[in-house]
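Visitor: entry_30.pdb is reproduced in full below (PDB, C-alpha atoms).
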```pdb
ATOM      1  CA  ALA D   1       0.000   0.000   0.000
ATOM      2  CA  ASP D   2       2.850   2.435   0.657
ATOM      3  CA  GLU D   3       4.857   1.382  -2.443
ATOM      4  CA  ARG D   4       8.192   1.554  -0.611
ATOM      5  CA  PRO D   5      11.123  -0.753  -1.492
ATOM      6  CA  LEU D   6      10.972  -4.333  -0.220
ATOM      7  CA  LEU D   7      13.825  -6.813   0.296
ATOM      8  CA  LEU D   8      13.248 -10.540   0.890
ATOM      9  CA  ILE D   9      15.998 -12.587   2.552
ATOM     10  CA  ALA D  10      15.788 -16.382   2.712
ATOM     11  CA  PRO D  11      17.562 -19.586   1.659
ATOM     12  CA  HIS D  12      17.069 -21.073  -1.789
ATOM     13  CA  GLY D  13      13.774 -22.834  -2.450
ATOM     14  CA  THR D  14      11.646 -20.557  -0.260
ATOM     15  CA  ALA D  15       9.745 -19.093  -3.261
ATOM     16  CA  LYS D  16      11.087 -15.538  -3.048
ATOM     17  CA  SER D  17      10.971 -15.074  -6.809
ATOM     18  CA  GLU D  18       7.692 -16.948  -7.186
ATOM     19  CA  LEU D  19       6.017 -14.784  -4.563
ATOM     20  CA  LEU D  20       7.026 -11.468  -6.116
ATOM     21  CA  ASN D  21       6.353 -12.499  -9.702
ATOM     22  CA  ARG D  22       2.903 -13.852  -8.782
ATOM     23  CA  LEU D  23       2.182 -10.661  -6.865
ATOM     24  CA  ALA D  24       3.003  -8.549  -9.921
ATOM     25  CA  ALA D  25       0.832 -10.777 -12.111
ATOM     26  CA  VAL D  26      -2.219 -10.706  -9.841
ATOM     27  CA  MET D  27      -1.946  -6.908  -9.590
ATOM     28  CA  LYS D  28      -1.659  -6.701 -13.408
ATOM     29  CA  LEU D  29       1.531  -4.661 -13.257
ATOM     30  CA  VAL D  30       3.955  -4.120 -16.130
ATOM     31  CA  HIS D  31       6.731  -6.100 -14.486
ATOM     32  CA  ARG D  32      10.450  -6.633 -14.993
ATOM     33  CA  HIS D  33      12.461  -9.401 -13.330
ATOM     34  CA  TYR D  34      16.245  -9.102 -13.528
ATOM     35  CA  ASN D  35      19.006 -11.276 -12.123
ATOM     36  CA  ALA D  36      21.193  -8.591 -10.567
ATOM     37  CA  SER D  37      24.268 -10.841 -10.603
ATOM     38  CA  LEU D  38      24.138 -11.106 -14.420
ATOM     39  CA  ILE D  39      22.641  -7.766 -15.376
ATOM     40  CA  ALA D  40      24.160  -5.348 -17.858
ATOM     41  CA  PHE D  41      22.942  -1.784 -18.045
ATOM     42  CA  ASP D  42      21.881  -2.313 -21.650
ATOM     43  CA  ASP D  43      19.309  -4.736 -20.210
ATOM     44  CA  LEU D  44      17.768  -1.906 -18.205
ATOM     45  CA  LEU D  45      18.012   1.010 -20.605
ATOM     46  CA  GLY D  46      18.337  -0.319 -24.143
ATOM     47  CA  TYR D  47      21.330   0.404 -26.346
ATOM     48  CA  PRO D  48      22.863   3.900 -26.192
ATOM     49  CA  VAL D  49      23.341   5.643 -29.546
ATOM     50  CA  PRO D  50      24.100   9.277 -30.476
ATOM     51  CA  ASN D  51      20.992  11.413 -30.873
ATOM     52  CA  ALA D  52      20.150  13.197 -34.126
ATOM     53  CA  ALA D  53      21.829  16.416 -33.009
ATOM     54  CA  ARG D  54      25.004  14.528 -32.041
ATOM     55  CA  ASP D  55      25.062  16.327 -28.711
ATOM     56  CA  GLY D  56      23.940  13.491 -26.453
ATOM     57  CA  LEU D  57      22.742   9.922 -26.241
ATOM     58  CA  THR D  58      19.405   8.296 -26.716
ATOM     59  CA  TYR D  59      18.443   4.678 -26.080
ATOM     60  CA  LEU D  60      17.171   2.096 -28.518
ATOM     61  CA  ARG D  61      14.314   0.433 -26.662
ATOM     62  CA  THR D  62      14.175  -3.324 -26.075
ATOM     63  CA  PRO D  63      11.201  -5.475 -24.950
ATOM     64  CA  GLY D  64      12.777  -6.002 -21.534
ATOM     65  CA  ASP D  65      13.968  -2.500 -20.718
ATOM     66  CA  LEU D  66      12.894  -0.634 -17.613
ATOM     67  CA  TRP D  67      11.300   2.517 -19.022
ATOM     68  CA  ALA D  68       7.662   1.350 -19.003
ATOM     69  CA  ALA D  69       7.893  -0.845 -15.879
ATOM     70  CA  GLU D  70       5.473  -0.381 -12.990
ATOM     71  CA  SER D  71       7.302  -2.950 -10.834
ATOM     72  CA  VAL D  72      10.875  -4.162 -10.918
ATOM     73  CA  PHE D  73      12.299  -7.213  -9.149
ATOM     74  CA  LEU D  74      16.078  -7.278  -8.640
ATOM     75  CA  ASP D  75      16.848 -10.902  -7.829
ATOM     76  CA  GLU D  76      20.179 -12.035  -6.323
ATOM     77  CA  ILE D  77      21.009  -8.449  -5.380
ATOM     78  CA  SER D  78      23.669  -9.623  -2.918
ATOM     79  CA  ARG D  79      25.583 -11.470  -5.664
ATOM     80  CA  CYS D  80      26.288  -8.525  -7.961
ATOM     81  CA  ARG D  81      29.505  -6.539  -7.951
ATOM     82  CA  PRO D  82      29.714  -3.365  -5.851
ATOM     83  CA  GLU D  83      29.794  -1.168  -8.964
ATOM     84  CA  THR D  84      26.550  -2.785 -10.170
ATOM     85  CA  GLN D  85      24.956  -2.361  -6.746
ATOM     86  CA  ASN D  86      25.852   1.322  -6.954
ATOM     87  CA  LYS D  87      24.058   1.625 -10.306
ATOM     88  CA  LEU D  88      20.960  -0.094  -8.899
ATOM     89  CA  PHE D  89      20.998   2.249  -5.910
ATOM     90  CA  SER D  90      19.160   5.076  -7.667
ATOM     91  CA  ILE D  91      16.496   2.716  -9.049
ATOM     92  CA  VAL D  92      15.668   1.490  -5.562
ATOM     93  CA  HIS D  93      15.903   4.817  -3.790
ATOM     94  CA  GLU D  94      14.902   7.451  -6.327
ATOM     95  CA  LYS D  95      13.085   5.620  -9.144
ATOM     96  CA  ARG D  96      15.711   7.030 -11.474
ATOM     97  CA  VAL D  97      18.346   5.476 -13.721
ATOM     98  CA  GLN D  98      21.411   7.339 -15.019
ATOM     99  CA  GLY D  99      19.750  10.445 -13.585
ATOM    100  CA  LEU D 100      16.604   9.962 -15.688
ATOM    101  CA  PRO D 101      13.204   9.509 -13.980
ATOM    102  CA  LEU D 102      11.327   6.223 -14.374
ATOM    103  CA  GLU D 103       7.926   7.851 -14.615
ATOM    104  CA  ARG D 104       5.765   4.719 -14.306
ATOM    105  CA  LEU D 105       7.787   2.816 -11.706
ATOM    106  CA  ARG D 106       5.923   2.212  -8.443
ATOM    107  CA  TYR D 107       7.212  -0.989  -6.821
ATOM    108  CA  ARG D 108      10.864  -1.830  -6.256
ATOM    109  CA  TRP D 109      11.479  -5.325  -4.935
ATOM    110  CA  ALA D 110      14.649  -7.326  -4.363
ATOM    111  CA  ALA D 111      15.665 -10.709  -2.986
ATOM    112  CA  MET D 112      18.814 -12.352  -1.686
ATOM    113  CA  ASN D 113      20.113 -15.414   0.135
ATOM    114  CA  PRO D 114      21.437 -14.879   3.664
ATOM    115  CA  PRO D 115      24.891 -13.327   3.292
ATOM    116  CA  ALA D 116      27.945 -15.368   4.266
ATOM    117  CA  THR D 117      29.040 -13.920   7.624
ATOM    118  CA  ALA D 118      30.468 -15.040  10.934
ATOM    119  CA  ASP D 119      26.997 -14.698  12.494
ATOM    120  CA  LEU D 120      25.706 -17.863  10.795
ATOM    121  CA  ALA D 121      25.062 -20.925  12.954
ATOM    122  CA  ASP D 122      26.863 -24.219  12.283
ATOM    123  CA  ASP D 123      23.721 -25.854  10.870
ATOM    124  CA  GLU D 124      22.924 -23.059   8.393
ATOM    125  CA  ASP D 125      23.742 -23.156   4.691
ATOM    126  CA  VAL D 126      26.589 -20.839   3.741
ATOM    127  CA  TYR D 127      26.101 -18.964   0.475
ATOM    128  CA  GLU D 128      29.652 -18.067  -0.429
ATOM    129  CA  GLY D 129      28.605 -15.811  -3.313
ATOM    130  CA  SER D 130      26.029 -13.882  -1.295
ATOM    131  CA  LEU D 131      27.716 -10.855   0.215
ATOM    132  CA  PRO D 132      26.376  -8.478   2.858
ATOM    133  CA  LEU D 133      24.719  -5.444   1.296
ATOM    134  CA  ASP D 134      26.463  -2.121   1.573
ATOM    135  CA  PRO D 135      24.940  -0.386   4.637
ATOM    136  CA  ALA D 136      23.776   2.580   2.563
ATOM    137  CA  LEU D 137      21.982   0.330   0.063
ATOM    138  CA  ALA D 138      20.440  -1.793   2.832
ATOM    139  CA  ASP D 139      19.158   1.404   4.456
ATOM    140  CA  ARG D 140      17.166   2.192   1.307
ATOM    141  CA  PHE D 141      14.891  -0.811   1.884
ATOM    142  CA  PRO D 142      12.230   0.101   4.465
ATOM    143  CA  TRP D 143      10.941  -3.494   4.428
ATOM    144  CA  VAL D 144      13.512  -6.240   5.138
ATOM    145  CA  LEU D 145      11.606  -9.523   5.367
ATOM    146  CA  PRO D 146      12.824 -13.075   6.043
ATOM    147  CA  LEU D 147      10.744 -15.867   4.507
ATOM    148  CA  PRO D 148      10.213 -19.136   6.421
ATOM    149  CA  THR D 149      11.938 -22.341   5.388
ATOM    150  CA  LEU D 150       9.905 -25.514   4.891
ATOM    151  CA  ALA D 151      10.755 -26.736   8.396
ATOM    152  CA  GLU D 152       9.539 -23.466   9.914
ATOM    153  CA  LEU D 153       6.054 -23.800   8.434
ATOM    154  CA  GLY D 154       3.252 -25.436  10.395
ATOM    155  CA  ARG D 155       2.278 -28.952   9.331
ATOM    156  CA  GLU D 156      -0.923 -27.824   7.598
ATOM    157  CA  ASP D 157       0.956 -25.251   5.541
ATOM    158  CA  ARG D 158       3.717 -27.747   4.716
ATOM    159  CA  LEU D 159       1.192 -30.263   3.397
ATOM    160  CA  ALA D 160      -0.566 -27.602   1.336
ATOM    161  CA  LEU D 161       2.771 -26.587  -0.162
ATOM    162  CA  ILE D 162       3.852 -30.173  -0.918
ATOM    163  CA  VAL D 163       0.544 -30.990  -2.601
ATOM    164  CA  GLY D 164      -0.049 -27.799  -4.579
ATOM    165  CA  GLY D 165       2.880 -25.434  -4.243
ATOM    166  CA  ASP D 166       3.662 -25.575  -7.961
ATOM    167  CA  ARG D 167       0.121 -24.687  -9.069
ATOM    168  CA  LEU D 168      -1.616 -21.324  -9.275
ATOM    169  CA  PRO D 169      -4.857 -20.973  -7.290
ATOM    170  CA  LYS D 170      -8.032 -21.459  -9.312
ATOM    171  CA  VAL D 171      -9.300 -18.065  -8.157
ATOM    172  CA  ALA D 172      -6.778 -15.241  -7.994
ATOM    173  CA  PRO D 173      -6.755 -13.443  -4.628
ATOM    174  CA  ALA D 174      -8.120  -9.889  -4.678
ATOM    175  CA  VAL D 175      -4.784  -8.317  -3.836
ATOM    176  CA  ALA D 176      -5.334  -5.108  -5.801
ATOM    177  CA  SER D 177      -8.570  -4.273  -3.953
ATOM    178  CA  LEU D 178      -6.968  -5.055  -0.583
ATOM    179  CA  VAL D 179      -4.068  -2.746  -1.429
ATOM    180  CA  ALA D 180      -6.456   0.022  -2.481
ATOM    181  CA  ARG D 181      -8.425  -0.287   0.758
ATOM    182  CA  ALA D 182      -5.235  -0.311   2.827
ATOM    183  CA  ARG D 183      -4.090   2.833   1.032
ATOM    184  CA  GLU D 184      -7.364   4.579   1.882
ATOM    185  CA  THR D 185      -7.073   3.497   5.522
ATOM    186  CA  LEU D 186      -3.464   4.676   5.608
ATOM    187  CA  ALA D 187      -4.469   8.093   4.313
ATOM    188  CA  ALA D 188      -6.909   8.448   7.238
ATOM    189  CA  THR D 189      -4.173   8.228   9.905
ATOM    190  CA  THR D 190      -4.962  10.604  12.764
ATOM    191  CA  ARG D 191      -2.672  13.108  14.432
ATOM    192  CA  ASP D 192      -2.923  11.241  17.749
ATOM    193  CA  GLN D 193      -1.764   8.055  16.042
ATOM    194  CA  GLY D 194       1.107   9.971  14.465
ATOM    195  CA  ASP D 195       2.174  11.374  17.837
ATOM    196  CA  TRP D 196       2.121   7.909  19.443
ATOM    197  CA  VAL D 197       4.186   6.391  16.642
ATOM    198  CA  ALA D 198       6.724   9.229  16.720
ATOM    199  CA  ALA D 199       7.186   8.785  20.475
ATOM    200  CA  TYR D 200       7.566   5.013  20.015
ATOM    201  CA  VAL D 201      10.277   5.320  17.362
ATOM    202  CA  ASP D 202      12.067   7.994  19.399
ATOM    203  CA  ALA D 203      12.100   5.642  22.409
ATOM    204  CA  LEU D 204      13.575   2.882  20.237
ATOM    205  CA  VAL D 205      16.637   4.842  19.160
ATOM    206  CA  PRO D 206      18.772   4.571  22.351
ATOM    207  CA  SER D 207      17.770   0.961  22.955
ATOM    208  CA  LEU D 208      18.727  -0.058  19.418
ATOM    209  CA  ALA D 209      22.026   1.814  19.734
ATOM    210  CA  GLU D 210      22.748  -0.037  22.990
ATOM    211  CA  ALA D 211      22.072  -3.345  21.185
ATOM    212  CA  LYS D 212      24.493  -2.244  18.416
ATOM    213  CA  LEU D 213      21.606  -2.006  15.962
ATOM    214  CA  GLY D 214      21.837   1.725  15.477
ATOM    215  CA  VAL D 215      19.461   3.344  12.997
ATOM    216  CA  SER D 216      19.854   6.383  10.780
ATOM    217  CA  GLY D 217      17.467   9.304  10.630
ATOM    218  CA  ARG D 218      16.169   7.821   7.380
ATOM    219  CA  ARG D 219      15.487   4.495   9.091
ATOM    220  CA  ALA D 220      13.610   6.219  11.919
ATOM    221  CA  VAL D 221      11.314   7.806   9.311
ATOM    222  CA  HIS D 222      10.950   4.411   7.606
ATOM    223  CA  LEU D 223       9.973   2.746  10.884
ATOM    224  CA  ALA D 224       7.306   5.341  11.646
ATOM    225  CA  LYS D 225       5.794   4.978   8.172
ATOM    226  CA  SER D 226       5.895   1.194   8.489
ATOM    227  CA  VAL D 227       3.910   1.253  11.739
ATOM    228  CA  HIS D 228       1.142   3.196  10.013
ATOM    229  CA  ALA D 229       1.196   0.944   6.928
ATOM    230  CA  ILE D 230       1.007  -2.270   8.967
ATOM    231  CA  HIS D 231      -1.736  -0.817  11.146
ATOM    232  CA  ALA D 232      -3.792  -0.053   8.020
ATOM    233  CA  ALA D 233      -3.140  -3.493   6.517
ATOM    234  CA  LEU D 234      -4.161  -5.295   9.706
ATOM    235  CA  ALA D 235      -7.429  -3.372   9.765
ATOM    236  CA  VAL D 236      -8.217  -4.242   6.137
ATOM    237  CA  LEU D 237      -7.408  -7.925   6.760
ATOM    238  CA  ASN D 238      -9.704  -7.963   9.814
ATOM    239  CA  LEU D 239      -6.813  -8.891  12.092
ATOM    240  CA  LYS D 240      -6.055  -7.426  15.494
ATOM    241  CA  ALA D 241      -5.212  -3.845  14.562
ATOM    242  CA  ASP D 242      -3.712  -2.001  17.501
ATOM    243  CA  LEU D 243      -0.762   0.358  17.216
ATOM    244  CA  PRO D 244       1.545  -1.526  19.654
ATOM    245  CA  GLY D 245       1.130  -4.740  17.658
ATOM    246  CA  ALA D 246       1.786  -2.913  14.396
ATOM    247  CA  ALA D 247       4.804  -1.213  15.955
ATOM    248  CA  PHE D 248       6.348  -4.544  16.959
ATOM    249  CA  LEU D 249       5.924  -5.929  13.431
ATOM    250  CA  ALA D 250       7.413  -2.771  11.929
ATOM    251  CA  LEU D 251      10.476  -3.178  14.131
ATOM    252  CA  ARG D 252      10.756  -6.914  13.491
ATOM    253  CA  TYR D 253      10.671  -6.500   9.713
ATOM    254  CA  GLY D 254      12.239  -3.085   9.371
ATOM    255  CA  LEU D 255      15.874  -3.251  10.468
ATOM    256  CA  PRO D 256      18.509  -3.109   7.706
ATOM    257  CA  GLN D 257      21.148  -5.105   9.612
ATOM    258  CA  ARG D 258      19.541  -8.381   8.486
ATOM    259  CA  ALA D 259      20.733  -7.577   4.933
ATOM    260  CA  GLN D 260      24.228  -7.193   6.319
ATOM    261  CA  GLY D 261      24.196 -10.679   7.853
ATOM    262  CA  ARG D 262      23.459  -9.508  11.395
ATOM    263  CA  ARG D 263      21.131 -11.493  13.626
ATOM    264  CA  ILE D 264      18.015  -9.589  14.678
TER     265      ILE D 264
END
```
Would you mind writing the file's structure down as C-alpha cells?
Guide:
Amino acid sequence: ADERPLLLIAPHGTAKSELLNRLAAVMKLVHRHYNASLIAFDDLLGYPVPNAARDGLTYLRTPGDLWAAESVFLDEISRCRPETQNKLFSIVHEKRVQGLPLERLRYRWAAMNPPATADLADDEDVYEGSLPLDPALADRFPWVLPLPTLAELGREDRLALIVGGDRLPKVAPAVASLVARARETLAATTRDQGDWVAAYVDALVPSLAEAKLGVSGRRAVHLAKSVHAIHAALAVLNLKADLPGAAFLALRYGLPQRAQGRRI
C-alpha cells in the first residue's frame, strides 16, 4: 500500500521469486524481473546511440527495458559486484536510472540469500557468493523480510505446499482491492496516532544503539511509516489492529542489519 522498497531474505527454495512475480501478475503490473548478478545496463536502458543532433545519447528500446515498468524485481542483489549495486541504488531509492526519472515505476522489490558472515550458525547453509549489502543500500529498503523455510512452516501449511505449491490458485486473490483499501485506511491516519508512533520510534533509538543495531534518521522515518502501513493493513485484513502490535511488526521487519548478515 505504501509502495516503498521491499527486500526478501531467505535460503534457496523458499519461493522468493515466485512470490514477487505472482504478486506482480495478480496486480496486473507491467513487471520486470532481472538477475542482478548477471545484469548489464543495456538490459535496463536499451542500447545507447548518439541522438540526431550529435550532442547526447538516446536509447534504442528493447522489450525487456525498464522505461515502461510499474514494478521491478532485482533478484540475487547480494551477488552482484559493488559497482553494479551502486548503479541499482538510484532505481531502488529514487526511481531514477542514469539520472533519468522512471515515470511509471511504483514498486521496487529485491531478494537475496542470507549473506555469508560469521553470524551464521553451524547448521545453516553458507552462500559463499552472497555478500552483505552495503549499509547505505540496505538502508534504502524500508521493508527487510525473512521468509520461512519448509521446516519453519506449520504442518498444515507444509502439506498444502507439498501438494499444490507448484500450481496457481483457481481463483486469484483480490490483492489489488486489498491494497487500495489499505491505502485509503493509511491516508486516514490521525494526528494522535502519528504522535504515538513518533514517540515510540524515538524511544527505540537509544535501545537499538545499545544493542548495536543503530538506525539512521532515514530508518527512523521508515519505521514510523511502516507502523502506520502495517496498522492499516491489519485493519483491512480484519486482524487485530492495535498500534503496539503494528509497531512490533514494523520493528521486526524493518531493520537493515539483516541484509548485512546480522542477527536480529
Visitor: Quick one: everything within 9 Å of D:Arg108, counting all atoms listed in the file, minus sequence neighbours fewer than 5 positions away in the same chain. Send it as a tab-separated table (two decimals) with C-alpha atoms, keeping the file's coordinate frame.
Guide:
```
chain	number	residue	atom	x	y	z
D	3	GLU	CA	4.86	1.38	-2.44
D	4	ARG	CA	8.19	1.55	-0.61
D	5	PRO	CA	11.12	-0.75	-1.49
D	6	LEU	CA	10.97	-4.33	-0.22
D	7	LEU	CA	13.82	-6.81	0.30
D	70	GLU	CA	5.47	-0.38	-12.99
D	71	SER	CA	7.30	-2.95	-10.83
D	72	VAL	CA	10.88	-4.16	-10.92
D	73	PHE	CA	12.30	-7.21	-9.15
D	74	LEU	CA	16.08	-7.28	-8.64
D	91	ILE	CA	16.50	2.72	-9.05
D	92	VAL	CA	15.67	1.49	-5.56
D	93	HIS	CA	15.90	4.82	-3.79
D	95	LYS	CA	13.08	5.62	-9.14
```
Visitor: Could you list, as a list of chain:residue names, every residue within 12 Å of D:Asp166, counting only C-alpha atoms and ignoring same-chain residues fewer than 5 positions away?
Guide: D:Gly13, D:Ala15, D:Glu18, D:Leu19, D:Arg22, D:Ala160, D:Leu161
Visitor: Take the PyMOL selection byres ((chain D and resi 34-38) around 8), run it mentally on this structure, and tell me the resulting residues as a PyMOL selection string.
Guide: chain D and resi 32-33+39-40+72-81+84
Visitor: Take atom CA of D:Arg262 and atom CA of D:Ser17 and report the distance between them in Å, one decimal.
Guide: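 Taking atom CA of D:Arg262 and atom CA of D:Ser17, their separation equals 22.8 Å.
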Visitor: Between D:Pro82, D:Pro148, D:Phe248, D:Pro101, single out the one closest to D:Asp134, counting all atoms listed in the file.
Guide: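 Closest residue, counting all atoms listed in the file: D:Pro82.
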Visitor: Mind working out the centre and edge lengths of an axis-aligned box for stretch 21-39 of chain D, all listed atoms inside, 8 Å added to each side, rounded to one decimal in Å and written as JSON?
Guide:
```
{"center_x": 11.0, "center_y": -9.0, "center_z": -11.5, "size_x": 42.5, "size_y": 25.7, "size_z": 25.3}
```
Visitor: (16.9, 1.4, 11.2) in this file's frame - what residues fall within 8 Å of it? Use all atoms listed in the file and give the answer as a PyMOL selection string.
Guide: chain D and resi 139+213-220+222-223+254-257
Visitor: Can you spit out the residues from that selection as a PDB file, keeping the file's coordinate frame, using C-alpha atoms?
Guide:
```pdb
ATOM      1  CA  ASP D 139      19.158   1.404   4.456  1.00  0.00           C
ATOM      2  CA  LEU D 213      21.606  -2.006  15.962  1.00  0.00           C
ATOM      3  CA  GLY D 214      21.837   1.725  15.477  1.00  0.00           C
ATOM      4  CA  VAL D 215      19.461   3.344  12.997  1.00  0.00           C
ATOM      5  CA  SER D 216      19.854   6.383  10.780  1.00  0.00           C
ATOM      6  CA  GLY D 217      17.467   9.304  10.630  1.00  0.00           C
ATOM      7  CA  ARG D 218      16.169   7.821   7.380  1.00  0.00           C
ATOM      8  CA  ARG D 219      15.487   4.495   9.091  1.00  0.00           C
ATOM      9  CA  ALA D 220      13.610   6.219  11.919  1.00  0.00           C
ATOM     10  CA  HIS D 222      10.950   4.411   7.606  1.00  0.00           C
ATOM     11  CA  LEU D 223       9.973   2.746  10.884  1.00  0.00           C
ATOM     12  CA  GLY D 254      12.239  -3.085   9.371  1.00  0.00           C
ATOM     13  CA  LEU D 255      15.874  -3.251  10.468  1.00  0.00           C
ATOM     14  CA  PRO D 256      18.509  -3.109   7.706  1.00  0.00           C
ATOM     15  CA  GLN D 257      21.148  -5.105   9.612  1.00  0.00           C
TER      16      GLN D 257
END
```
Visitor: Could you tell me how far atom CA of D:Pro244 lies from atom CA of D:Arg181, in Å and to one decimal?
Guide: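 Atom CA of D:Arg181 lies at a distance of 21.4 Å from atom CA of D:Pro244.
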Visitor: Work out how far apart atom CA of D:Gly99 and atom CA of D:Asp2 are and give it in Å to one decimal.
Guide: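 Atom-to-atom, atom CA of D:Gly99 to atom CA of D:Asp2, that is 23.5 Å.
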Visitor: Between D:Ile162, D:Leu251, D:Leu178, D:Ala233, single out the one closest to D:Val201, counting all atoms listed in the file.
Guide: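 Going through D:Ile162, D:Leu251, D:Leu178, D:Ala233 one by one, the smallest distance to D:Val201 is for D:Leu251.
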Visitor: Quick one: apply the PyMOL selection byres ((chain D and resi 65) around 6) to the file and drop the selected residues here as a list in words.
Guide: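 This file, filtered by the PyMOL selection byres ((chain D and resi 65) around 6), leaves Asp43, Leu44, Leu45, Gly46, Thr62, Pro63, Gly64, Leu66 and Trp67 of chain D.
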Visitor: Which residue is closest to D:Arg252? Choose from D:Asn86, D:Pro146, D:Leu234, D:Val97 and count all atoms listed in the file.
Guide: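 Under the stated criterion, the closest residue is D:Pro146.
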Visitor: So that I can see what lies close to stretch 24-26 of chain D, please list as a list in words the residues with an atom at most 7 Å from it, counting only C-alpha atoms and leaving out residues fewer than 5 positions away in the same chain.
Guide: His31, Ala172 and Val175 of chain D
Visitor: Reconstruct stretch 232-244 of chain D at the level of N, CA, C and O atoms, and format the result as a PDB file, keeping the file's coordinate frame.
Guide:
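Result written to selection.pdb:
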```
ATOM      1  N   ALA D 232      -2.738  -0.113   9.032  1.00  0.00           N
ATOM      2  CA  ALA D 232      -3.792  -0.053   8.020  1.00  0.00           C
ATOM      3  C   ALA D 232      -4.060  -1.428   7.412  1.00  0.00           C
ATOM      4  O   ALA D 232      -5.213  -1.827   7.214  1.00  0.00           O
ATOM      5  N   ALA D 233      -2.979  -2.173   7.123  1.00  0.00           N
ATOM      6  CA  ALA D 233      -3.140  -3.493   6.517  1.00  0.00           C
ATOM      7  C   ALA D 233      -3.854  -4.457   7.459  1.00  0.00           C
ATOM      8  O   ALA D 233      -4.719  -5.236   7.037  1.00  0.00           O
ATOM      9  N   LEU D 234      -3.506  -4.422   8.736  1.00  0.00           N
ATOM     10  CA  LEU D 234      -4.161  -5.295   9.706  1.00  0.00           C
ATOM     11  C   LEU D 234      -5.657  -5.017   9.768  1.00  0.00           C
ATOM     12  O   LEU D 234      -6.479  -5.937   9.845  1.00  0.00           O
ATOM     13  N   ALA D 235      -6.011  -3.741   9.717  1.00  0.00           N
ATOM     14  CA  ALA D 235      -7.429  -3.372   9.765  1.00  0.00           C
ATOM     15  C   ALA D 235      -8.167  -3.910   8.546  1.00  0.00           C
ATOM     16  O   ALA D 235      -9.270  -4.459   8.660  1.00  0.00           O
ATOM     17  N   VAL D 236      -7.574  -3.781   7.371  1.00  0.00           N
ATOM     18  CA  VAL D 236      -8.217  -4.242   6.137  1.00  0.00           C
ATOM     19  C   VAL D 236      -8.348  -5.768   6.120  1.00  0.00           C
ATOM     20  O   VAL D 236      -9.323  -6.310   5.597  1.00  0.00           O
ATOM     21  N   LEU D 237      -7.386  -6.455   6.722  1.00  0.00           N
ATOM     22  CA  LEU D 237      -7.408  -7.925   6.760  1.00  0.00           C
ATOM     23  C   LEU D 237      -8.228  -8.468   7.925  1.00  0.00           C
ATOM     24  O   LEU D 237      -8.259  -9.681   8.152  1.00  0.00           O
ATOM     25  N   ASN D 238      -8.871  -7.572   8.668  1.00  0.00           N
ATOM     26  CA  ASN D 238      -9.704  -7.963   9.814  1.00  0.00           C
ATOM     27  C   ASN D 238      -8.902  -8.740  10.864  1.00  0.00           C
ATOM     28  O   ASN D 238      -9.398  -9.680  11.485  1.00  0.00           O
ATOM     29  N   LEU D 239      -7.660  -8.321  11.045  1.00  0.00           N
ATOM     30  CA  LEU D 239      -6.813  -8.891  12.092  1.00  0.00           C
ATOM     31  C   LEU D 239      -6.734  -7.880  13.242  1.00  0.00           C
ATOM     32  O   LEU D 239      -7.200  -6.752  13.129  1.00  0.00           O
ATOM     33  N   LYS D 240      -6.167  -8.316  14.341  1.00  0.00           N
ATOM     34  CA  LYS D 240      -6.055  -7.426  15.494  1.00  0.00           C
ATOM     35  C   LYS D 240      -5.226  -6.208  15.107  1.00  0.00           C
ATOM     36  O   LYS D 240      -4.045  -6.338  14.753  1.00  0.00           O
ATOM     37  N   ALA D 241      -5.835  -5.040  15.118  1.00  0.00           N
ATOM     38  CA  ALA D 241      -5.212  -3.845  14.562  1.00  0.00           C
ATOM     39  C   ALA D 241      -5.002  -2.795  15.633  1.00  0.00           C
ATOM     40  O   ALA D 241      -5.673  -1.765  15.657  1.00  0.00           O
ATOM     41  N   ASP D 242      -4.067  -3.049  16.550  1.00  0.00           N
ATOM     42  CA  ASP D 242      -3.712  -2.001  17.501  1.00  0.00           C
ATOM     43  C   ASP D 242      -2.314  -1.485  17.159  1.00  0.00           C
ATOM     44  O   ASP D 242      -1.509  -2.172  16.537  1.00  0.00           O
ATOM     45  N   LEU D 243      -2.041  -0.253  17.562  1.00  0.00           N
ATOM     46  CA  LEU D 243      -0.762   0.358  17.216  1.00  0.00           C
ATOM     47  C   LEU D 243       0.438  -0.358  17.838  1.00  0.00           C
ATOM     48  O   LEU D 243       1.460  -0.537  17.165  1.00  0.00           O
ATOM     49  N   PRO D 244       0.384  -0.810  19.111  1.00  0.00           N
ATOM     50  CA  PRO D 244       1.545  -1.526  19.654  1.00  0.00           C
ATOM     51  C   PRO D 244       1.887  -2.790  18.866  1.00  0.00           C
ATOM     52  O   PRO D 244       3.065  -3.086  18.628  1.00  0.00           O
TER      53      PRO D 244
END
```
